[in-house]
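**Student:** Handing you a structure now.
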Amino acid sequence: MRLSRAVSTAAIVSLTAVGLPAAAAASPAAPERSVTDVVPAPVSAKADPRGDFKLTPFTVISADRGAGQVADYLRGLLRPATGYPLPVVPRSWGVPAISLQLGHDARIGTEGYELKVGRDGVSLKANTADGLFEGVQSLRQLLPSAIDAKRVQHRTWTVAGGSILDYPRFGERGAMLDVARHFFKPDQVKLYIDQIAQYKINTLHLHLADDQGWRIEIKSWPKLATVGGKTAVDGDPGGYYTQKQYQDIVAYAASRHITVIPEIDMPGHTNAAQSTYAELNCDGKAVPVRTDTEVGYSSLCISSPITYKFVDDVVRELAAITPGQYLHIGGDEAHATPPADYLTFQQKVQPIVAKYGKKVTGWHEIAKSTLPVSAVPQYWDFGGDNESVAAAAARGNKILMSPANYAYLDMKYNPETPLGQDWAALVEVKDGYGWDPASLVTGVGEKQVAGVEAPLWTETIRTSDDIEYMAFPRLPGIAEIGWSPKSTHNWDAYRQRLAKQAPRWVTQGIDFYRSPQVDWK
Ligand code: IFG
């Protein structure tokens, strides 16, 4: 039966309108996704349009010994939307497979991987499980964005063909969540862990204590959490992690190949502790509880011996439940601590961290003291000269870069941004992408950079939606700066790759800021 012209035209219009390319409207579409679209940009990627791999209900995941955890994680990613069994097997016996293999490839180091996608199967090779995990993050992006759906989608599942050889520029790519100004429940932290893991972030810095709240149970000073944890900025609900809950968060992060770095900020930013325990104040009187957002007014009592018993107890208990090598001792904005006292404090506290088998990291002010070479100052100023940071770098300390005017995710995008602050800068997506860690601070070059971190301070951030709005789309840019070769750093190319991430965030329910600087897909 011939449709009348009007009807057939209407049919084409309606099909096109719902986004289904009607035959007449179809053009040879550029592939929706390709190995060259991956964020962070890989070291090398070569598309093979004839090499697409189709997942089917018969596809298996084969895993070398030692690759089982990543294989199970991958299966967990793919099963909800495909509904396929995708059994994890030690060998594929010739059945089409995604194979995870461990080897010794000097080119890719401890976190790199080699990914090959062809019609007959997918091969992912790495030297460690960490490398396989990072390779899986790239593999995910070669599948349709619908792969992140939580319910079965009846459709074809094609992995874009091609090959990727990849490894990180810097060893540390981090995100910080300030759970002190506002408290976030373990499940909210785990959600953020899953969101940042997809961009090869490998550390999560938890800012566990500040003036407005103490968030981690310390058994030898129980009121820190039970009393000091009650408050939050603006009198909002407080909360804290029991040591068991903290260990559960640490384990969850580890299953996403992310190391937790806990921070107890001192000698400043200590009002929650000092309003809870009178003996922590030089005059023996508890200071008033504070839930405003002023900074720089508090200081532990440097001359009092009990201060160092407090630090010893806190560091000992935190070290015992932290598998990661580093403890963050804060050290920022100690404006109420006389400079000489600050140095005294650093000289007493840093050995305590070492005594409990951990290494020191802290805001870059700690570089005013002579640090052990393993200590990592975290730079948070705007770039340029900093004598003590340059001197530390010259002595062999590596510097973690988190400049407030580029990497602080609590900075507003623009004057109309409803959340966040603007004391450092307005940071639109392009601004957050427009810097290089190895040329930010005089005297801190490629070899002296430990990596990058994107802190999210939460004075104005209360919900997971708030976190998502500030972290996306800027966090992937920081992740790319930390992972990808400097040679790939190009805003015009990046903004197109970033745009293709949006359907994934929509499927994942990430409430991201639709910056006008990006042509969102
Ligand atoms: N500076 C303070 C943070 C937080 C931040 C908000 C650092 C190292 C301003 N210290 O950044 O506690 O208040 O943007």
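Letters for chains follow the order of the structure tokens (A, B, ...), residue numbers begin at 1 for each chain, and ligand numbers begin at 1 in the order shown.
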Taking the backbone alone, and naming residues the way the document does, which bits of range 264-421 of chain A are strand (DSSP E) by DSSP, as a VMD selection string?
**Tutor:** chain A and resid 326 to 328 359 to 363 376 to 379 399 to 401
**Student:** I need the chosen residues saved as a PDB file, in the first residue's frame, with C-alpha atoms.
**Tutor:**
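Wrote result-v7.pdb, looks like this:
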ATOM      1  CA  TYR A 326      49.617   9.281  53.868  1.00  0.00           C
ATOM      2  CA  LEU A 327      47.899  11.177  56.653  1.00  0.00           C
ATOM      3  CA  HIS A 328      46.985  14.807  55.952  1.00  0.00           C
ATOM      4  CA  LYS A 359      53.890   9.762  55.750  1.00  0.00           C
ATOM      5  CA  VAL A 360      52.905  13.414  56.033  1.00  0.00           C
ATOM      6  CA  THR A 361      50.928  15.454  53.575  1.00  0.00           C
ATOM      7  CA  GLY A 362      49.459  18.851  54.406  1.00  0.00           C
ATOM      8  CA  TRP A 363      48.517  22.243  52.980  1.00  0.00           C
ATOM      9  CA  VAL A 376      53.925  16.082  50.187  1.00  0.00           C
ATOM     10  CA  PRO A 377      52.921  19.748  50.563  1.00  0.00           C
ATOM     11  CA  GLN A 378      49.559  20.411  48.875  1.00  0.00           C
ATOM     12  CA  TYR A 379      49.714  23.728  47.018  1.00  0.00           C
ATOM     13  CA  ILE A 399      54.158  18.908  45.473  1.00  0.00           C
ATOM     14  CA  LEU A 400      50.442  18.123  45.036  1.00  0.00           C
ATOM     15  CA  MET A 401      48.824  20.835  42.925  1.00  0.00           C
TER      16      MET A 401
END
**Student:** Counting only C-alpha atoms and all ligand atoms, which residues in chain A sit no more than 7 Å from ligand 1? For each one, give the nearest pair of atoms and the distance in Å, sorted by chain then residue number, as CSV.
**Tutor:**
residue,atom,partner,partner_atom_place_in_ligand_line,distance
A:Val295,CA,ligand 1,13 (O),6.4
A:Asp332,CA,ligand 1,8 (C),5.3
A:Glu333,CA,ligand 1,10 (N),6.4
A:Trp363,CA,ligand 1,8 (C),6.0
A:Trp380,CA,ligand 1,8 (C),6.1
A:Tyr408,CA,ligand 1,14 (O),6.8
A:Asp410,CA,ligand 1,14 (O),6.0
A:Met411,CA,ligand 1,14 (O),6.8
A:Gln421,CA,ligand 1,14 (O),6.4
A:Trp457,CA,ligand 1,6 (C),5.3
**Student:** Need to verify the contact set: Gly171 in chain A, 10 Å, only C-alpha atoms, exclusion of same-chain residues closer than 5 positions in sequence. Can you return it as a list in words?
**Tutor:**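 The residues satisfying every condition are Thr110, Glu111, Ile201, Asn202, Thr203, Val449, Ala450, Gly451, Val452, Gly482 and Trp483 of chain A.
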**Student:** Write the selection just made, keeping all heavy atoms, as a PDB file, in the first residue's frame?
**Tutor:**
ATOM      1  N   THR A 110      52.597   1.125  36.462  1.00  0.00           N
ATOM      2  CA  THR A 110      51.729   0.397  37.411  1.00  0.00           C
ATOM      3  C   THR A 110      50.244   0.719  37.204  1.00  0.00           C
ATOM      4  O   THR A 110      49.388   0.022  37.709  1.00  0.00           O
ATOM      5  CB  THR A 110      52.075   0.790  38.861  1.00  0.00           C
ATOM      6  OG1 THR A 110      51.925   2.229  38.964  1.00  0.00           O
ATOM      7  CG2 THR A 110      53.499   0.400  39.222  1.00  0.00           C
ATOM      8  N   GLU A 111      49.930   1.795  36.489  1.00  0.00           N
ATOM      9  CA  GLU A 111      48.503   2.129  36.319  1.00  0.00           C
ATOM     10  C   GLU A 111      48.082   2.152  34.858  1.00  0.00           C
ATOM     11  O   GLU A 111      46.918   2.443  34.552  1.00  0.00           O
ATOM     12  CB  GLU A 111      48.222   3.515  36.913  1.00  0.00           C
ATOM     13  CG  GLU A 111      48.215   3.568  38.435  1.00  0.00           C
ATOM     14  CD  GLU A 111      47.728   4.919  38.913  1.00  0.00           C
ATOM     15  OE1 GLU A 111      48.541   5.849  38.960  1.00  0.00           O
ATOM     16  OE2 GLU A 111      46.529   5.060  39.203  1.00  0.00           O
ATOM     17  N   ILE A 201      40.485   8.936  38.684  1.00  0.00           N
ATOM     18  CA  ILE A 201      40.926   9.535  39.954  1.00  0.00           C
ATOM     19  C   ILE A 201      41.368   8.388  40.857  1.00  0.00           C
ATOM     20  O   ILE A 201      40.702   7.339  40.880  1.00  0.00           O
ATOM     21  CB  ILE A 201      39.758  10.321  40.594  1.00  0.00           C
ATOM     22  CG1 ILE A 201      39.366  11.521  39.733  1.00  0.00           C
ATOM     23  CG2 ILE A 201      40.081  10.718  42.030  1.00  0.00           C
ATOM     24  CD1 ILE A 201      40.342  12.674  39.752  1.00  0.00           C
ATOM     25  N   ASN A 202      42.499   8.530  41.560  1.00  0.00           N
ATOM     26  CA  ASN A 202      42.959   7.402  42.397  1.00  0.00           C
ATOM     27  C   ASN A 202      43.185   7.751  43.855  1.00  0.00           C
ATOM     28  O   ASN A 202      43.667   6.908  44.626  1.00  0.00           O
ATOM     29  CB  ASN A 202      44.217   6.768  41.789  1.00  0.00           C
ATOM     30  CG  ASN A 202      45.423   7.705  41.829  1.00  0.00           C
ATOM     31  OD1 ASN A 202      45.323   8.841  42.299  1.00  0.00           O
ATOM     32  ND2 ASN A 202      46.541   7.233  41.318  1.00  0.00           N
ATOM     33  N   THR A 203      42.864   8.993  44.285  1.00  0.00           N
ATOM     34  CA  THR A 203      42.869   9.264  45.723  1.00  0.00           C
ATOM     35  C   THR A 203      41.642  10.088  46.092  1.00  0.00           C
ATOM     36  O   THR A 203      41.170  10.918  45.297  1.00  0.00           O
ATOM     37  CB  THR A 203      44.119  10.073  46.174  1.00  0.00           C
ATOM     38  OG1 THR A 203      44.108  11.340  45.562  1.00  0.00           O
ATOM     39  CG2 THR A 203      45.404   9.327  45.870  1.00  0.00           C
ATOM     40  N   VAL A 449      56.253  17.420  40.641  1.00  0.00           N
ATOM     41  CA  VAL A 449      54.791  17.412  40.829  1.00  0.00           C
ATOM     42  C   VAL A 449      54.326  16.002  41.175  1.00  0.00           C
ATOM     43  O   VAL A 449      54.580  15.044  40.436  1.00  0.00           O
ATOM     44  CB  VAL A 449      54.076  17.904  39.551  1.00  0.00           C
ATOM     45  CG1 VAL A 449      52.562  17.729  39.680  1.00  0.00           C
ATOM     46  CG2 VAL A 449      54.412  19.365  39.271  1.00  0.00           C
ATOM     47  N   ALA A 450      53.670  15.863  42.340  1.00  0.00           N
ATOM     48  CA  ALA A 450      53.128  14.554  42.743  1.00  0.00           C
ATOM     49  C   ALA A 450      51.867  14.243  41.939  1.00  0.00           C
ATOM     50  O   ALA A 450      51.553  13.091  41.650  1.00  0.00           O
ATOM     51  CB  ALA A 450      52.790  14.560  44.222  1.00  0.00           C
ATOM     52  N   GLY A 451      51.156  15.299  41.611  1.00  0.00           N
ATOM     53  CA  GLY A 451      49.897  15.115  40.888  1.00  0.00           C
ATOM     54  C   GLY A 451      48.981  16.295  41.148  1.00  0.00           C
ATOM     55  O   GLY A 451      49.448  17.394  41.492  1.00  0.00           O
ATOM     56  N   VAL A 452      47.683  16.067  40.956  1.00  0.00           N
ATOM     57  CA  VAL A 452      46.694  17.150  41.087  1.00  0.00           C
ATOM     58  C   VAL A 452      45.556  16.673  41.973  1.00  0.00           C
ATOM     59  O   VAL A 452      45.331  15.463  42.141  1.00  0.00           O
ATOM     60  CB  VAL A 452      46.141  17.558  39.696  1.00  0.00           C
ATOM     61  CG1 VAL A 452      47.257  18.123  38.825  1.00  0.00           C
ATOM     62  CG2 VAL A 452      45.446  16.395  39.003  1.00  0.00           C
ATOM     63  N   GLY A 482      45.704  15.651  35.197  1.00  0.00           N
ATOM     64  CA  GLY A 482      46.568  14.767  35.986  1.00  0.00           C
ATOM     65  C   GLY A 482      46.980  13.511  35.250  1.00  0.00           C
ATOM     66  O   GLY A 482      48.060  12.978  35.503  1.00  0.00           O
ATOM     67  N   TRP A 483      46.147  13.048  34.334  1.00  0.00           N
ATOM     68  CA  TRP A 483      46.406  11.761  33.679  1.00  0.00           C
ATOM     69  C   TRP A 483      47.070  11.907  32.304  1.00  0.00           C
ATOM     70  O   TRP A 483      48.040  11.201  32.022  1.00  0.00           O
ATOM     71  CB  TRP A 483      45.107  10.969  33.502  1.00  0.00           C
ATOM     72  CG  TRP A 483      45.298   9.677  32.750  1.00  0.00           C
ATOM     73  CD1 TRP A 483      45.352   9.522  31.391  1.00  0.00           C
ATOM     74  CD2 TRP A 483      45.485   8.367  33.317  1.00  0.00           C
ATOM     75  NE1 TRP A 483      45.567   8.186  31.078  1.00  0.00           N
ATOM     76  CE2 TRP A 483      45.643   7.457  32.234  1.00  0.00           C
ATOM     77  CE3 TRP A 483      45.522   7.859  34.617  1.00  0.00           C
ATOM     78  CZ2 TRP A 483      45.845   6.092  32.425  1.00  0.00           C
ATOM     79  CZ3 TRP A 483      45.719   6.491  34.809  1.00  0.00           C
ATOM     80  CH2 TRP A 483      45.881   5.635  33.727  1.00  0.00           C
TER      81      TRP A 483
END
**Student:** Which residue is closest to Gly213 in chain A? Choose from A:Gly76, A:Pro305, A:Gly229, A:Gly284 and count only C-alpha atoms.
**Tutor:** A:Gly229
**Student:** Check the smallest atom-to-atom distance from each of A:Glu114, A:Thr276, A:Val315, A:Phe184 to Pro222 in chain A using only C-alpha atoms, then report the winner.
**Tutor:**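 Closest to Pro222 in chain A of all the choices is A:Thr276.
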**Student:** With only C-alpha atoms as the counted atoms, please give the residues lying no more than 10 Å from Arg50 in chain A, apart from itself and same-chain residues fewer than 6 positions off, as a list in words.
**Tutor:**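 Surrounding residues, per the criterion: Gly118, Arg119, Ala160, Gly161 and Gly162 of chain A.
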**Student:** Can you work out which one of A:Thr488, A:Thr259, A:Thr322, A:Thr59 has the shortest atom-to-atom distance to Gly174 in chain A, counting only C-alpha atoms?
**Tutor:** A:Thr259
**Student:** Considering only C-alpha atoms, give me a table of residues in range 157-275 of chain A that are at most 12 Å from range 145-149 of chain A, with the closest atom pair and distance in Å for each, as JSON lines.
**Tutor:**
{"residue": "A:Trp157", "atom": "CA", "partner": "A:Ile147", "partner_atom": "CA", "distance": 8.0}
{"residue": "A:Thr158", "atom": "CA", "partner": "A:Ile147", "partner_atom": "CA", "distance": 10.1}
{"residue": "A:Val159", "atom": "CA", "partner": "A:Ile147", "partner_atom": "CA", "distance": 10.5}
{"residue": "A:Asp194", "atom": "CA", "partner": "A:Asp148", "partner_atom": "CA", "distance": 11.7}
{"residue": "A:Gln195", "atom": "CA", "partner": "A:Asp148", "partner_atom": "CA", "distance": 11.5}
{"residue": "A:Gln198", "atom": "CA", "partner": "A:Asp148", "partner_atom": "CA", "distance": 11.3}
**Student:** Which residue, A:Asp465, A:Asp130, A:Glu446, A:Asp265, has the smallest gap to Lys398 in chain A when you use only C-alpha atoms?
**Tutor:**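 For Lys398 in chain A, the nearest of the given residues is A:Glu446.
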**Student:** Quick check for you: according to DSSP on this backbone, which residues of range 318-367 of chain A are classed as helix (DSSP H, G or I)? Reply as a list in words.
**Tutor:**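 Across range 318-367 of chain A, those assigned helix (DSSP H, G or I) are Leu318, Ala319, Ala320, Pro339, Ala340, Asp341, Tyr342, Leu343, Thr344, Phe345, Gln346, Gln347, Lys348, Val349, Gln350, Pro351, Ile352, Val353, Ala354, Lys355, His364, Glu365, Ile366 and Ala367 of chain A.
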**Student:** Using only C-alpha atoms, pick whichever of A:Arg462, A:Lys521, A:His257, A:Arg514 has the shortest atom-to-atom distance to Tyr413 in chain A.
**Tutor:** A:Arg514
**Student:** CA of Ala438 in chain A to CA of Arg107 in chain A: how many Å, to one decimal?
**Tutor:**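 One can read the CA of Ala438 in chain A to CA of Arg107 in chain A distance as 22.0 Å.
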**Student:** Can you pull out the residues contacting Tyr277 in chain A? Cut-off 10 Å, using only C-alpha atoms, and skip same-chain residues under 4 positions away; I want them as a list in words.
**Tutor:**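 My reading of the contact set: Trp221, Lys223, Leu224, Val227, Gly228, Asn271, Ala272, Ala273, Asn281, Gly284, Lys285, Ala286 and Val287 of chain A.
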**Student:** Pull N, CA, C and O atoms from the residues just selected and write them as a PDB file, in the first residue's frame.
**Tutor:**
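In the end it all went to out_35.pdb:
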ATOM      1  N   TRP A 221      39.156   9.846  72.698  1.00  0.00           N
ATOM      2  CA  TRP A 221      38.539  11.187  72.937  1.00  0.00           C
ATOM      3  C   TRP A 221      37.113  11.129  72.380  1.00  0.00           C
ATOM      4  O   TRP A 221      36.811  11.739  71.348  1.00  0.00           O
ATOM      5  N   LYS A 223      34.157  12.321  72.899  1.00  0.00           N
ATOM      6  CA  LYS A 223      33.237  13.452  72.667  1.00  0.00           C
ATOM      7  C   LYS A 223      33.564  14.200  71.368  1.00  0.00           C
ATOM      8  O   LYS A 223      32.742  14.965  70.865  1.00  0.00           O
ATOM      9  N   LEU A 224      34.782  13.966  70.820  1.00  0.00           N
ATOM     10  CA  LEU A 224      35.110  14.654  69.560  1.00  0.00           C
ATOM     11  C   LEU A 224      33.997  14.402  68.539  1.00  0.00           C
ATOM     12  O   LEU A 224      33.481  15.315  67.906  1.00  0.00           O
ATOM     13  N   VAL A 227      30.025  14.780  70.456  1.00  0.00           N
ATOM     14  CA  VAL A 227      29.640  16.180  70.718  1.00  0.00           C
ATOM     15  C   VAL A 227      30.119  17.074  69.569  1.00  0.00           C
ATOM     16  O   VAL A 227      29.339  17.782  68.946  1.00  0.00           O
ATOM     17  N   GLY A 228      31.425  16.954  69.234  1.00  0.00           N
ATOM     18  CA  GLY A 228      31.980  17.792  68.169  1.00  0.00           C
ATOM     19  C   GLY A 228      31.383  17.484  66.813  1.00  0.00           C
ATOM     20  O   GLY A 228      31.478  18.280  65.876  1.00  0.00           O
ATOM     21  N   ASN A 271      38.250  24.487  66.009  1.00  0.00           N
ATOM     22  CA  ASN A 271      37.253  24.932  66.990  1.00  0.00           C
ATOM     23  C   ASN A 271      36.327  23.817  67.461  1.00  0.00           C
ATOM     24  O   ASN A 271      35.928  23.770  68.627  1.00  0.00           O
ATOM     25  N   ALA A 272      35.992  22.870  66.602  1.00  0.00           N
ATOM     26  CA  ALA A 272      35.084  21.783  67.023  1.00  0.00           C
ATOM     27  C   ALA A 272      35.729  20.990  68.159  1.00  0.00           C
ATOM     28  O   ALA A 272      35.084  20.670  69.155  1.00  0.00           O
ATOM     29  N   ALA A 273      37.029  20.699  68.049  1.00  0.00           N
ATOM     30  CA  ALA A 273      37.721  19.945  69.109  1.00  0.00           C
ATOM     31  C   ALA A 273      37.833  20.797  70.375  1.00  0.00           C
ATOM     32  O   ALA A 273      37.607  20.313  71.489  1.00  0.00           O
ATOM     33  N   ASN A 281      42.386  23.935  75.341  1.00  0.00           N
ATOM     34  CA  ASN A 281      42.563  25.391  75.228  1.00  0.00           C
ATOM     35  C   ASN A 281      43.598  25.861  76.251  1.00  0.00           C
ATOM     36  O   ASN A 281      43.644  25.336  77.367  1.00  0.00           O
ATOM     37  N   GLY A 284      42.249  26.537  79.525  1.00  0.00           N
ATOM     38  CA  GLY A 284      41.475  25.470  80.153  1.00  0.00           C
ATOM     39  C   GLY A 284      39.969  25.662  80.041  1.00  0.00           C
ATOM     40  O   GLY A 284      39.187  24.948  80.647  1.00  0.00           O
ATOM     41  N   LYS A 285      39.548  26.647  79.240  1.00  0.00           N
ATOM     42  CA  LYS A 285      38.100  26.872  79.082  1.00  0.00           C
ATOM     43  C   LYS A 285      37.690  26.491  77.641  1.00  0.00           C
ATOM     44  O   LYS A 285      38.343  26.908  76.676  1.00  0.00           O
ATOM     45  N   ALA A 286      36.579  25.763  77.537  1.00  0.00           N
ATOM     46  CA  ALA A 286      36.094  25.383  76.203  1.00  0.00           C
ATOM     47  C   ALA A 286      35.674  26.649  75.458  1.00  0.00           C
ATOM     48  O   ALA A 286      35.061  27.550  76.040  1.00  0.00           O
ATOM     49  N   VAL A 287      36.052  26.765  74.191  1.00  0.00           N
ATOM     50  CA  VAL A 287      35.626  27.926  73.383  1.00  0.00           C
ATOM     51  C   VAL A 287      34.186  27.694  72.912  1.00  0.00           C
ATOM     52  O   VAL A 287      33.722  26.549  72.868  1.00  0.00           O
TER      53      VAL A 287
END
**Student:** Counting only C-alpha atoms, what is within 10 Å of Asn386 in chain A, bar same-chain residues fewer than 6 positions away, as a ChimeraX atom specification?
**Tutor:** /A:364-365,367,379,441-444
**Student:** In Å, how far is it from CA of Asn405 in chain A to CA of Gly383 in chain A?
**Tutor:** 8.8 Å
**Student:** Any idea what the distance is between CA of Glu459 in chain A and CA of Val260 in chain A?
**Tutor:** 21.5 Å
